[in-house]
file start_1.cif (mmCIF, C-alpha atoms and all ligand atoms)
data_entry
#
loop_
_atom_site.label_atom_id
_atom_site.label_comp_id
_atom_site.auth_asym_id
_atom_site.auth_seq_id
_atom_site.Cartn_x
_atom_site.Cartn_y
_atom_site.Cartn_z
CA MET A 1 17.21 13.34 -10.40
CA SER A 2 18.23 14.86 -13.73
CA ALA A 3 17.17 18.46 -14.06
CA ASP A 4 16.26 18.28 -17.76
CA ALA A 5 13.51 15.71 -17.31
CA SER A 6 10.09 17.19 -16.78
CA TYR A 7 6.94 15.19 -16.99
CA ARG A 8 3.23 15.78 -17.36
CA VAL A 9 1.61 13.82 -14.54
CA ALA A 10 -2.03 12.85 -13.96
CA VAL A 11 -3.17 12.08 -10.41
CA VAL A 12 -6.44 10.15 -10.62
CA GLY A 13 -8.35 10.15 -7.32
CA ALA A 14 -6.70 13.44 -6.37
CA THR A 15 -9.52 14.44 -4.00
CA GLY A 16 -9.19 11.25 -1.92
CA GLN A 17 -7.02 10.44 1.09
CA VAL A 18 -4.28 8.65 -0.86
CA GLY A 19 -4.50 11.17 -3.72
CA GLY A 20 -4.01 14.06 -1.29
CA VAL A 21 -0.87 12.47 0.18
CA MET A 22 0.34 11.69 -3.34
CA LEU A 23 0.06 15.34 -4.42
CA ALA A 24 1.97 16.44 -1.31
CA LEU A 25 4.69 13.81 -1.80
CA LEU A 26 5.28 14.60 -5.47
CA ARG A 27 6.06 18.13 -4.34
CA GLU A 28 7.97 17.23 -1.13
CA ARG A 29 10.22 14.74 -2.90
CA GLY A 30 10.88 17.08 -5.85
CA PHE A 31 9.53 14.80 -8.55
CA PRO A 32 10.39 16.46 -11.87
CA ALA A 33 6.85 17.28 -13.03
CA ARG A 34 6.27 20.28 -15.25
CA GLU A 35 2.52 19.91 -14.72
CA ILE A 36 0.37 17.90 -12.32
CA VAL A 37 -3.26 17.51 -13.35
CA PRO A 38 -5.77 16.32 -10.73
CA PHE A 39 -8.59 13.96 -11.79
CA ALA A 40 -11.55 12.66 -9.79
CA SER A 41 -15.15 11.61 -10.31
CA ALA A 42 -17.77 13.76 -12.00
CA ARG A 43 -18.85 14.75 -8.45
CA SER A 44 -15.68 16.79 -7.92
CA ALA A 45 -14.83 17.80 -11.48
CA GLY A 46 -14.58 21.59 -11.74
CA THR A 47 -13.61 22.11 -8.09
CA THR A 48 -10.15 23.50 -7.33
CA ILE A 49 -7.45 21.83 -5.27
CA GLU A 50 -5.44 24.70 -3.85
CA GLY A 51 -1.93 24.90 -5.21
CA VAL A 52 -2.62 22.17 -7.77
CA GLY A 53 -5.45 23.14 -10.10
CA VAL A 54 -8.95 22.42 -11.30
CA VAL A 55 -10.11 18.82 -10.95
CA GLN A 56 -10.71 17.19 -14.33
CA PRO A 57 -13.23 14.51 -15.23
CA LEU A 58 -12.01 11.36 -16.98
CA SER A 59 -12.73 11.53 -20.72
CA ASP A 60 -11.01 10.56 -23.96
CA GLU A 61 -10.03 14.21 -24.42
CA THR A 62 -8.73 14.98 -20.90
CA ILE A 63 -6.41 11.93 -20.65
CA GLN A 64 -4.20 12.82 -23.62
CA GLY A 65 -0.53 13.86 -23.44
CA PHE A 66 0.62 12.42 -20.08
CA ASP A 67 3.94 10.72 -19.31
CA LEU A 68 2.75 9.28 -16.00
CA ALA A 69 -0.66 8.62 -14.43
CA ILE A 70 -0.91 7.67 -10.76
CA PHE A 71 -4.28 6.13 -9.87
CA SER A 72 -5.92 5.87 -6.46
CA ALA A 73 -9.60 5.87 -7.36
CA GLY A 74 -10.72 2.26 -6.79
CA GLY A 75 -10.62 -0.90 -8.88
CA SER A 76 -13.43 -0.18 -11.33
CA THR A 77 -11.99 3.23 -12.30
CA SER A 78 -8.56 1.62 -12.79
CA GLY A 79 -10.06 -1.24 -14.77
CA GLU A 80 -11.64 1.15 -17.22
CA TRP A 81 -9.20 4.06 -17.38
CA ALA A 82 -5.69 2.70 -16.70
CA PRO A 83 -5.48 0.93 -20.10
CA ARG A 84 -6.81 4.07 -21.78
CA PHE A 85 -4.11 6.23 -20.20
CA ALA A 86 -1.53 3.59 -21.21
CA ASP A 87 -2.85 3.54 -24.79
CA ALA A 88 -2.55 7.33 -24.83
CA GLY A 89 1.16 7.01 -23.91
CA ALA A 90 1.37 7.27 -20.13
CA ILE A 91 2.87 4.73 -17.77
CA VAL A 92 0.25 4.02 -15.10
CA VAL A 93 1.07 3.37 -11.45
CA ASP A 94 -2.09 1.89 -9.95
CA ASN A 95 -3.00 1.72 -6.27
CA SER A 96 -6.08 -0.44 -6.65
CA SER A 97 -6.18 -4.24 -6.59
CA LYS A 98 -7.46 -4.44 -10.18
CA TRP A 99 -4.19 -5.29 -11.97
CA ARG A 100 -1.99 -6.67 -9.19
CA MET A 101 -2.16 -10.36 -10.07
CA ASP A 102 -2.05 -9.84 -13.86
CA ASP A 103 1.02 -11.68 -15.26
CA ASP A 104 1.81 -8.72 -17.53
CA VAL A 105 1.69 -6.21 -14.68
CA PRO A 106 4.62 -5.99 -12.24
CA LEU A 107 3.71 -5.66 -8.57
CA VAL A 108 6.48 -3.53 -7.16
CA VAL A 109 7.77 -2.48 -3.75
CA SER A 110 10.62 -0.05 -4.28
CA GLU A 111 12.96 -1.64 -1.68
CA VAL A 112 12.11 -5.23 -2.64
CA ASN A 113 11.76 -5.87 -6.39
CA PRO A 114 12.47 -2.70 -8.42
CA GLU A 115 13.85 -4.83 -11.27
CA ALA A 116 10.28 -6.05 -11.99
CA LEU A 117 9.55 -2.60 -13.48
CA ASP A 118 11.21 -3.71 -16.70
CA ASP A 119 8.29 -6.15 -17.25
CA ALA A 120 5.51 -3.53 -17.49
CA ARG A 121 4.27 -4.95 -20.80
CA LYS A 122 0.82 -3.35 -20.49
CA GLY A 123 2.22 0.05 -19.51
CA ILE A 124 0.75 -0.51 -16.02
CA VAL A 125 2.63 -1.03 -12.75
CA ALA A 126 0.68 -2.13 -9.67
CA ASN A 127 1.23 -0.82 -6.16
CA PRO A 128 0.60 -3.60 -3.61
CA ASN A 129 -2.06 -3.78 -0.93
CA CYS A 130 -1.10 -1.70 2.12
CA SER A 131 -0.80 -4.61 4.60
CA THR A 132 1.30 -6.63 2.16
CA MET A 133 3.51 -3.65 1.35
CA GLN A 134 4.70 -2.95 4.89
CA MET A 135 5.15 -6.65 5.63
CA VAL A 136 7.36 -7.44 2.62
CA VAL A 137 9.62 -4.44 3.25
CA ALA A 138 10.42 -6.01 6.64
CA LEU A 139 10.54 -9.59 5.36
CA LYS A 140 12.88 -9.01 2.41
CA PRO A 141 16.17 -8.91 4.40
CA LEU A 142 15.12 -12.00 6.38
CA TYR A 143 14.10 -13.79 3.18
CA ASP A 144 17.45 -13.03 1.54
CA ALA A 145 19.37 -14.25 4.58
CA ALA A 146 17.45 -17.36 5.57
CA GLY A 147 14.54 -18.01 3.17
CA ILE A 148 10.92 -18.11 4.33
CA GLU A 149 8.87 -21.27 4.62
CA ARG A 150 5.71 -20.05 6.33
CA LEU A 151 4.09 -16.86 7.62
CA VAL A 152 1.26 -16.54 10.13
CA VAL A 153 -0.05 -12.99 10.00
CA SER A 154 -2.68 -11.14 12.03
CA THR A 155 -3.35 -7.56 10.98
CA TYR A 156 -4.79 -4.70 13.02
CA GLN A 157 -5.91 -2.38 10.22
CA ALA A 158 -6.88 1.28 10.53
CA VAL A 159 -10.17 2.63 9.18
CA SER A 160 -8.36 5.00 6.77
CA GLY A 161 -7.68 1.83 4.75
CA THR A 162 -11.37 1.93 3.79
CA GLY A 163 -11.14 5.49 2.44
CA LYS A 164 -12.53 8.71 3.88
CA LYS A 165 -15.83 7.02 4.58
CA GLY A 166 -14.14 4.62 7.04
CA VAL A 167 -12.65 7.50 9.04
CA ASP A 168 -16.01 9.32 9.09
CA GLU A 169 -17.74 6.16 10.31
CA LEU A 170 -15.33 5.63 13.24
CA LEU A 171 -15.32 9.26 14.34
CA GLY A 172 -19.10 9.59 13.92
CA GLN A 173 -19.81 6.45 15.94
CA ALA A 174 -17.33 7.35 18.69
CA HIS A 175 -18.85 10.82 19.00
CA ALA A 176 -22.41 9.43 19.10
CA LEU A 177 -21.61 6.76 21.70
CA LEU A 178 -19.71 9.18 23.94
CA HIS A 179 -22.77 11.45 23.84
CA GLY A 180 -25.22 8.71 24.79
CA GLN A 181 -26.59 8.25 21.27
CA ASP A 182 -26.80 5.12 19.10
CA ALA A 183 -23.96 4.36 16.67
CA GLU A 184 -25.14 4.28 13.06
CA VAL A 185 -23.62 1.39 11.11
CA GLY A 186 -23.02 2.09 7.41
CA VAL A 187 -19.57 1.19 6.13
CA TYR A 188 -18.68 -1.95 8.09
CA ALA A 189 -20.81 -4.99 8.93
CA HIS A 190 -20.91 -3.97 12.61
CA GLN A 191 -20.03 -1.04 14.86
CA ILE A 192 -16.30 -0.28 14.53
CA ALA A 193 -15.98 2.20 17.43
CA PHE A 194 -14.72 0.44 20.59
CA ASN A 195 -14.71 -2.86 18.70
CA ALA A 196 -12.48 -5.16 16.58
CA LEU A 197 -13.91 -6.77 13.45
CA PRO A 198 -12.34 -10.02 12.11
CA HIS A 199 -13.61 -8.89 8.73
CA ALA A 200 -11.24 -6.49 6.93
CA GLY A 201 -12.29 -6.50 3.28
CA SER A 202 -15.18 -8.62 2.05
CA PHE A 203 -16.10 -12.29 1.71
CA ALA A 204 -16.64 -13.52 -1.85
CA PRO A 205 -19.44 -16.11 -2.08
CA GLY A 206 -18.10 -19.49 -0.93
CA ASP A 207 -14.78 -18.12 0.35
CA ASP A 208 -13.96 -18.36 4.06
CA HIS A 209 -11.16 -15.76 3.68
CA THR A 210 -11.73 -12.06 3.01
CA ASP A 211 -10.35 -10.52 -0.18
CA GLU A 212 -7.89 -8.61 2.04
CA GLU A 213 -6.55 -11.94 3.39
CA ARG A 214 -6.30 -13.38 -0.13
CA LYS A 215 -4.36 -10.27 -1.24
CA LEU A 216 -1.89 -10.70 1.61
CA ILE A 217 -1.34 -14.35 0.67
CA ASN A 218 -1.08 -13.95 -3.11
CA GLU A 219 0.70 -10.60 -3.32
CA THR A 220 3.40 -11.64 -0.82
CA ARG A 221 4.30 -14.62 -3.02
CA LYS A 222 4.31 -12.55 -6.22
CA ILE A 223 6.49 -9.74 -4.81
CA LEU A 224 9.02 -12.08 -3.21
CA GLY A 225 8.90 -14.24 -6.36
CA ASP A 226 8.39 -17.40 -4.30
CA PRO A 227 5.09 -19.26 -4.73
CA SER A 228 6.22 -21.90 -2.23
CA ILE A 229 5.82 -19.58 0.80
CA ARG A 230 2.84 -20.73 2.88
CA VAL A 231 0.82 -17.84 4.32
CA SER A 232 -1.94 -17.92 6.92
CA ALA A 233 -3.68 -14.55 7.31
CA THR A 234 -6.36 -13.03 9.54
CA CYS A 235 -7.15 -9.40 8.73
CA VAL A 236 -8.84 -7.42 11.49
CA ARG A 237 -10.26 -3.89 11.32
CA VAL A 238 -9.62 -1.94 14.51
CA PRO A 239 -10.77 1.51 15.69
CA VAL A 240 -7.48 3.23 14.77
CA VAL A 241 -7.76 6.19 12.41
CA ASN A 242 -4.52 5.67 10.50
CA GLY A 243 -1.57 3.23 10.54
CA HIS A 244 -1.75 -0.55 10.14
CA SER A 245 -0.13 -2.92 12.68
CA GLU A 246 0.71 -6.58 12.11
CA ALA A 247 1.78 -9.50 14.30
CA VAL A 248 3.84 -11.73 12.02
CA ASN A 249 5.24 -15.17 12.80
CA VAL A 250 8.02 -15.93 10.29
CA GLU A 251 9.30 -19.48 9.87
CA THR A 252 12.60 -19.27 8.02
CA ARG A 253 14.24 -22.11 6.08
CA THR A 254 17.45 -21.87 8.09
CA PRO A 255 17.55 -20.66 11.71
CA LEU A 256 17.96 -16.95 12.39
CA SER A 257 18.44 -15.57 15.90
CA PRO A 258 16.52 -12.48 17.07
CA ASP A 259 19.84 -10.59 17.23
CA GLU A 260 20.71 -11.52 13.65
CA ALA A 261 17.22 -10.49 12.51
CA ARG A 262 17.52 -7.17 14.39
CA GLU A 263 20.86 -6.48 12.69
CA LEU A 264 19.53 -7.34 9.21
CA LEU A 265 16.44 -5.18 9.74
CA ALA A 266 18.44 -2.25 11.09
CA ALA A 267 20.51 -2.24 7.87
CA ALA A 268 17.52 -2.66 5.52
CA PRO A 269 16.31 0.29 3.39
CA GLY A 270 13.01 1.79 4.50
CA VAL A 271 13.02 -0.01 7.88
CA THR A 272 13.42 1.45 11.37
CA VAL A 273 13.85 -0.95 14.29
CA LEU A 274 12.18 0.13 17.55
CA ASP A 275 12.80 -2.71 19.92
CA ASP A 276 13.27 -2.13 23.62
CA PRO A 277 9.95 -3.43 24.93
CA GLY A 278 10.90 -3.29 28.62
CA ALA A 279 11.33 0.48 28.23
CA GLY A 280 8.05 0.75 26.32
CA VAL A 281 9.81 1.11 22.96
CA TYR A 282 7.99 -0.64 20.12
CA PRO A 283 6.24 0.53 16.95
CA MET A 284 2.83 2.16 17.34
CA ALA A 285 0.35 3.40 14.75
CA ILE A 286 0.09 6.89 16.25
CA GLU A 287 3.86 7.34 15.94
CA ALA A 288 4.11 5.88 12.43
CA GLU A 289 1.53 8.34 11.10
CA GLY A 290 2.99 10.87 8.67
CA ARG A 291 6.25 8.91 8.31
CA ASP A 292 7.47 6.88 5.35
CA ASP A 293 9.33 4.05 7.07
CA VAL A 294 8.18 0.61 8.10
CA PHE A 295 8.72 0.18 11.85
CA VAL A 296 9.62 -3.22 13.34
CA GLY A 297 9.85 -4.29 16.97
CA ARG A 298 9.01 -7.07 19.48
CA ILE A 299 11.57 -9.20 17.60
CA ARG A 300 11.75 -12.49 19.46
CA ARG A 301 12.10 -16.25 19.10
CA ASP A 302 8.85 -18.20 18.79
CA PRO A 303 9.17 -20.44 21.87
CA GLY A 304 7.47 -23.28 19.98
CA ASN A 305 9.67 -23.29 16.90
CA GLU A 306 13.45 -22.82 16.71
CA ARG A 307 13.21 -21.66 13.10
CA ALA A 308 10.52 -19.06 13.73
CA LEU A 309 10.55 -15.44 14.89
CA ASP A 310 7.73 -13.17 15.99
CA LEU A 311 7.66 -9.55 14.78
CA TRP A 312 5.41 -6.52 15.23
CA ILE A 313 5.33 -4.40 12.05
CA VAL A 314 3.69 -0.96 11.79
CA SER A 315 3.46 1.60 9.00
CA ASP A 316 1.33 4.51 7.78
CA ASN A 317 -0.99 2.83 5.29
CA LEU A 318 -1.61 6.07 3.39
CA ARG A 319 2.13 6.70 2.99
CA LYS A 320 4.37 3.61 2.54
CA GLY A 321 1.23 1.49 2.21
CA ALA A 322 0.05 3.55 -0.76
CA ALA A 323 1.24 7.02 -1.80
CA THR A 324 4.95 6.85 -0.84
CA ASN A 325 5.55 3.61 -2.69
CA ALA A 326 3.64 4.91 -5.74
CA VAL A 327 5.86 8.01 -5.86
CA GLN A 328 8.97 5.86 -5.28
CA ILE A 329 7.89 3.75 -8.28
CA ALA A 330 7.53 6.94 -10.33
CA GLU A 331 11.07 7.94 -9.27
CA LEU A 332 12.39 4.50 -10.26
CA LEU A 333 10.64 4.70 -13.65
CA HIS A 334 12.28 8.07 -14.16
CA SER A 335 15.78 6.96 -13.12
CA ARG A 336 15.51 3.84 -15.31
CA GLY A 337 14.49 5.95 -18.34
CA LEU A 338 11.12 4.20 -18.57
CA LEU A 339 8.87 7.26 -18.53
CA ARG A 340 9.61 9.31 -21.61
CA GLY A 341 9.79 6.14 -23.72
CA ALA A 342 6.13 5.42 -23.21
CA ARG A 343 4.81 8.66 -24.66
CA ALA A 344 7.24 8.49 -27.56
CA ARG A 345 6.01 4.96 -28.34
CA ALA A 346 2.39 6.08 -28.49
CA ALA A 347 3.19 9.14 -30.63
N1 LIG B 1 -6.52 3.97 2.09
C1 LIG B 1 -5.50 3.11 2.02
O1 LIG B 1 -4.85 2.75 3.03
C2 LIG B 1 -5.11 2.53 0.71
C3 LIG B 1 -3.94 1.80 0.64
C4 LIG B 1 -3.57 1.25 -0.57
C5 LIG B 1 -4.37 1.43 -1.66
N2 LIG B 1 -5.52 2.15 -1.57
C6 LIG B 1 -6.34 2.31 -2.76
O2 LIG B 1 -6.37 3.66 -3.16
C7 LIG B 1 -7.64 3.96 -3.69
C8 LIG B 1 -8.25 5.18 -3.02
O3 LIG B 1 -8.24 5.05 -1.60
P1 LIG B 1 -8.56 6.30 -0.67
O4 LIG B 1 -8.38 5.80 0.71
O5 LIG B 1 -7.82 7.50 -1.12
O6 LIG B 1 -10.15 6.50 -0.99
P2 LIG B 1 -11.04 7.84 -0.87
O7 LIG B 1 -10.51 8.75 0.15
O8 LIG B 1 -12.43 7.33 -0.77
O9 LIG B 1 -10.84 8.55 -2.31
C9 LIG B 1 -11.34 7.98 -3.50
C10 LIG B 1 -10.90 8.83 -4.70
O10 LIG B 1 -11.33 8.18 -5.91
C11 LIG B 1 -12.11 9.11 -6.68
N3 LIG B 1 -13.12 8.39 -7.45
C12 LIG B 1 -14.12 7.61 -6.98
N4 LIG B 1 -14.87 7.15 -8.01
C13 LIG B 1 -14.33 7.67 -9.15
C14 LIG B 1 -14.66 7.58 -10.53
N5 LIG B 1 -15.70 6.86 -10.95
N6 LIG B 1 -13.89 8.24 -11.42
C15 LIG B 1 -12.83 9.00 -11.00
N7 LIG B 1 -12.47 9.11 -9.71
C16 LIG B 1 -13.21 8.45 -8.79
C17 LIG B 1 -12.75 10.00 -5.65
O11 LIG B 1 -13.20 11.19 -6.26
P3 LIG B 1 -14.45 12.03 -5.65
O12 LIG B 1 -13.85 12.86 -4.52
O13 LIG B 1 -14.89 12.84 -6.80
O14 LIG B 1 -15.45 11.05 -5.18
C18 LIG B 1 -11.55 10.23 -4.72
O15 LIG B 1 -10.65 11.14 -5.29
C19 LIG B 1 -8.46 2.67 -3.59
O16 LIG B 1 -8.31 1.98 -4.82
C20 LIG B 1 -7.78 1.90 -2.52
O17 LIG B 1 -7.96 0.52 -2.68
C21 LIG B 1 -5.91 2.72 -0.40
#

call {"tool": "encode", "arguments": {"input": "start_1.cif", "output": "structure tokens"}}
result
Amino acid sequence: MSADASYRVAVVGATGQVGGVMLALLRERGFPAREIVPFASARSAGTTIEGVGVVQPLSDETIQGFDLAIFSAGGSTSGEWAPRFADAGAIVVDNSSKWRMDDDVPLVVSEVNPEALDDARKGIVANPNCSTMQMVVALKPLYDAAGIERLVVSTYQAVSGTGKKGVDELLGQAHALLHGQDAEVGVYAHQIAFNALPHAGSFAPGDDHTDEERKLINETRKILGDPSIRVSATCVRVPVVNGHSEAVNVETRTPLSPDEARELLAAAPGVTVLDDPGAGVYPMAIEAEGRDDVFVGRIRRDPGNERALDLWIVSDNLRKGAATNAVQIAELLHSRGLLRGARARAA
């Protein structure tokens, strides 16, 4: 990264799980920021994040003078404040689902479609949904080699995907049940401790898929730039604190052997293959935690379809599924010269 660049960066949602990882990653990866300003809701404004600074509230005054704003504060905050940051000259990288399917907003995975960054006509770039993100990193090399006709996906999603409140709910219920008390249900429709809920996300009236399943379907097509891919998705919340797992059946357009797939995946950026199941080697959420890669294993032929493979894909949803990709997008914006331009345009 060039040493002379130095940006003023806003992190919106800095007190949250994703925001916390984002702050750490900006530092760890040496992003050239001359100042990082944390923002959160009025509840936390005025508190101090050690080593970063005093949390700011969102207002017309506080959002001025930024080159980059990274949002992880939910869809309604992004809906209201991302365009305002963009109007004030920042490029926004948004983690919420608010802007992902907007035609004027690129939906970018750094290893898959970085070229889409040039189409950020609104000054906003969207970071995909966590389950979609890890899946497309693994699918991209297979797609390039053999095309993809159909995907059948079942997710096993961690409670950290629901925010801090999801983690508190699982740990609170597990503690209560192990101590002979009743589990209080607040965040999910049913008890999550010692259970599996075929209900990750929410059901819109009249829709038999959750919004999480719709995201997986629609975002996969947008990122791979191929609306013809058929996707069947079932998103399940499981009592895992952090790290999403996915069983993915991939029907390619031309046949691909498990060995060919293993070789393509081993050479792909951001992917680590862990595939020696007889020796107990396969990706697991507890081992993916705190790491940036997408882990793929259990690579095998679907016995019922000579053009289909089965994969098991695992990643840390707070890192590659959210914060890591957002920071990688910021790095790409910097290396493509797309950051400074924005503030100059607004000036
Ligand atoms: N968790 C994941 O795996 C994941 C993956 C991809 C994307 N995302 C997205 O990232 C976002 C945050 O997720 P999270 O897991 O970090 O949630 P979280 O731990 O609940 O944190 C939420 C953050 O948003 C802030 N916030 C809430 N309402 C706000 C408002 N009105 N104005 C300004 N800030 C506000 C909170 O500030 P206070 O502390 O002041 O309340 C907090 O900093 C969501 O949009 C989520 O969809 C999450």

call {"tool": "atom_distance", "arguments": {"input": "start_1.cif", "atom1": "CA of Leu26 in chain A", "atom2": "CA of Asn127 in chain A"}}
result
16.0 Å

call {"tool": "residues_around", "arguments": {"input": "start_1.cif", "residues": "range 93-98 of chain A", "least_positions_apart": "2", "cutoff": "10 Å", "atoms": "only C-alpha atoms", "output": "MDAnalysis selection string"}}
result
chainID A and resid 11:12 18:19 68:80 82 90:91 100:102 107:108 123:130 211:212 215 219 321:323 325:327 329:330 333

call {"tool": "write_last_selection", "arguments": {"input": "start_1.cif", "atoms": "C-alpha atoms", "output": "PDB file, in the coordinates of the input"}}
result
ATOM      1  CA  VAL A  11      -3.170  12.080 -10.410  1.00  0.00           C
ATOM      2  CA  VAL A  12      -6.440  10.150 -10.620  1.00  0.00           C
ATOM      3  CA  VAL A  18      -4.280   8.650  -0.860  1.00  0.00           C
ATOM      4  CA  GLY A  19      -4.500  11.170  -3.720  1.00  0.00           C
ATOM      5  CA  LEU A  68       2.750   9.280 -16.000  1.00  0.00           C
ATOM      6  CA  ALA A  69      -0.660   8.620 -14.430  1.00  0.00           C
ATOM      7  CA  ILE A  70      -0.910   7.670 -10.760  1.00  0.00           C
ATOM      8  CA  PHE A  71      -4.280   6.130  -9.870  1.00  0.00           C
ATOM      9  CA  SER A  72      -5.920   5.870  -6.460  1.00  0.00           C
ATOM     10  CA  ALA A  73      -9.600   5.870  -7.360  1.00  0.00           C
ATOM     11  CA  GLY A  74     -10.720   2.260  -6.790  1.00  0.00           C
ATOM     12  CA  GLY A  75     -10.620  -0.900  -8.880  1.00  0.00           C
ATOM     13  CA  SER A  76     -13.430  -0.180 -11.330  1.00  0.00           C
ATOM     14  CA  THR A  77     -11.990   3.230 -12.300  1.00  0.00           C
ATOM     15  CA  SER A  78      -8.560   1.620 -12.790  1.00  0.00           C
ATOM     16  CA  GLY A  79     -10.060  -1.240 -14.770  1.00  0.00           C
ATOM     17  CA  GLU A  80     -11.640   1.150 -17.220  1.00  0.00           C
ATOM     18  CA  ALA A  82      -5.690   2.700 -16.700  1.00  0.00           C
ATOM     19  CA  ALA A  90       1.370   7.270 -20.130  1.00  0.00           C
ATOM     20  CA  ILE A  91       2.870   4.730 -17.770  1.00  0.00           C
ATOM     21  CA  ARG A 100      -1.990  -6.670  -9.190  1.00  0.00           C
ATOM     22  CA  MET A 101      -2.160 -10.360 -10.070  1.00  0.00           C
ATOM     23  CA  ASP A 102      -2.050  -9.840 -13.860  1.00  0.00           C
ATOM     24  CA  LEU A 107       3.710  -5.660  -8.570  1.00  0.00           C
ATOM     25  CA  VAL A 108       6.480  -3.530  -7.160  1.00  0.00           C
ATOM     26  CA  GLY A 123       2.220   0.050 -19.510  1.00  0.00           C
ATOM     27  CA  ILE A 124       0.750  -0.510 -16.020  1.00  0.00           C
ATOM     28  CA  VAL A 125       2.630  -1.030 -12.750  1.00  0.00           C
ATOM     29  CA  ALA A 126       0.680  -2.130  -9.670  1.00  0.00           C
ATOM     30  CA  ASN A 127       1.230  -0.820  -6.160  1.00  0.00           C
ATOM     31  CA  PRO A 128       0.600  -3.600  -3.610  1.00  0.00           C
ATOM     32  CA  ASN A 129      -2.060  -3.780  -0.930  1.00  0.00           C
ATOM     33  CA  CYS A 130      -1.100  -1.700   2.120  1.00  0.00           C
ATOM     34  CA  ASP A 211     -10.350 -10.520  -0.180  1.00  0.00           C
ATOM     35  CA  GLU A 212      -7.890  -8.610   2.040  1.00  0.00           C
ATOM     36  CA  LYS A 215      -4.360 -10.270  -1.240  1.00  0.00           C
ATOM     37  CA  GLU A 219       0.700 -10.600  -3.320  1.00  0.00           C
ATOM     38  CA  GLY A 321       1.230   1.490   2.210  1.00  0.00           C
ATOM     39  CA  ALA A 322       0.050   3.550  -0.760  1.00  0.00           C
ATOM     40  CA  ALA A 323       1.240   7.020  -1.800  1.00  0.00           C
ATOM     41  CA  ASN A 325       5.550   3.610  -2.690  1.00  0.00           C
ATOM     42  CA  ALA A 326       3.640   4.910  -5.740  1.00  0.00           C
ATOM     43  CA  VAL A 327       5.860   8.010  -5.860  1.00  0.00           C
ATOM     44  CA  ILE A 329       7.890   3.750  -8.280  1.00  0.00           C
ATOM     45  CA  ALA A 330       7.530   6.940 -10.330  1.00  0.00           C
ATOM     46  CA  LEU A 333      10.640   4.700 -13.650  1.00  0.00           C
TER      47      LEU A 333
END

call {"tool": "atom_distance", "arguments": {"input": "start_1.cif", "atom1": "CA of Thr15 in chain A", "atom2": "atom O12 of ligand LIG 1 (chain B)"}}
result
4.6 Å

call {"tool": "residues_around", "arguments": {"input": "start_1.cif", "residues": "Thr220 in chain A", "least_positions_apart": "2", "cutoff": "12 Å", "atoms": "all atoms listed in the file", "output": "PyMOL selection string"}}
result
chain A and resi 100-101+107-109+112-113+128-140+143+148+150-151+153+213-218+222-233

call {"tool": "write_last_selection", "arguments": {"input": "start_1.cif", "atoms": "C-alpha atoms", "output": "compact mmCIF listing (two decimals), in the frame of the given file"}}
result
# COMPACT_ATOMS: atom_id res chain seq x y z
CA ARG A 100 -1.99 -6.67 -9.19
CA MET A 101 -2.16 -10.36 -10.07
CA LEU A 107 3.71 -5.66 -8.57
CA VAL A 108 6.48 -3.53 -7.16
CA VAL A 109 7.77 -2.48 -3.75
CA VAL A 112 12.11 -5.23 -2.64
CA ASN A 113 11.76 -5.87 -6.39
CA PRO A 128 0.60 -3.60 -3.61
CA ASN A 129 -2.06 -3.78 -0.93
CA CYS A 130 -1.10 -1.70 2.12
CA SER A 131 -0.80 -4.61 4.60
CA THR A 132 1.30 -6.63 2.16
CA MET A 133 3.51 -3.65 1.35
CA GLN A 134 4.70 -2.95 4.89
CA MET A 135 5.15 -6.65 5.63
CA VAL A 136 7.36 -7.44 2.62
CA VAL A 137 9.62 -4.44 3.25
CA ALA A 138 10.42 -6.01 6.64
CA LEU A 139 10.54 -9.59 5.36
CA LYS A 140 12.88 -9.01 2.41
CA TYR A 143 14.10 -13.79 3.18
CA ILE A 148 10.92 -18.11 4.33
CA ARG A 150 5.71 -20.05 6.33
CA LEU A 151 4.09 -16.86 7.62
CA VAL A 153 -0.05 -12.99 10.00
CA GLU A 213 -6.55 -11.94 3.39
CA ARG A 214 -6.30 -13.38 -0.13
CA LYS A 215 -4.36 -10.27 -1.24
CA LEU A 216 -1.89 -10.70 1.61
CA ILE A 217 -1.34 -14.35 0.67
CA ASN A 218 -1.08 -13.95 -3.11
CA LYS A 222 4.31 -12.55 -6.22
CA ILE A 223 6.49 -9.74 -4.81
CA LEU A 224 9.02 -12.08 -3.21
CA GLY A 225 8.90 -14.24 -6.36
CA ASP A 226 8.39 -17.40 -4.30
CA PRO A 227 5.09 -19.26 -4.73
CA SER A 228 6.22 -21.90 -2.23
CA ILE A 229 5.82 -19.58 0.80
CA ARG A 230 2.84 -20.73 2.88
CA VAL A 231 0.82 -17.84 4.32
CA SER A 232 -1.94 -17.92 6.92
CA ALA A 233 -3.68 -14.55 7.31

call {"tool": "residues_around", "arguments": {"input": "start_1.cif", "residues": "Lys164 in chain A", "least_positions_apart": "4", "cutoff": "9 Å", "atoms": "only C-alpha atoms", "output": "ChimeraX atom specification"}}
result
/A:16-17,159-160,168-169

call {"tool": "atom_distance", "arguments": {"input": "start_1.cif", "atom1": "CA of Gly147 in chain A", "atom2": "CA of Thr254 in chain A"}}
result
6.9 Å

call {"tool": "closest_residue", "arguments": {"input": "start_1.cif", "among": "A:Ala193, A:Leu25, A:Ala88, A:Leu318", "to": "ligand LIG 1 (chain B)", "atoms": "all atoms listed in the file"}}
result
A:Leu318

call {"tool": "closest_residue", "arguments": {"input": "start_1.cif", "among": "A:Asp87, A:Asp316, A:Glu149, A:Glu28", "to": "Glu246 in chain A", "atoms": "only C-alpha atoms"}}
result
A:Asp316

call {"tool": "closest_residue", "arguments": {"input": "start_1.cif", "among": "A:Ala200, A:Ala158, A:Ile49, A:Val241", "to": "Ala174 in chain A", "atoms": "only C-alpha atoms"}}
result
A:Val241
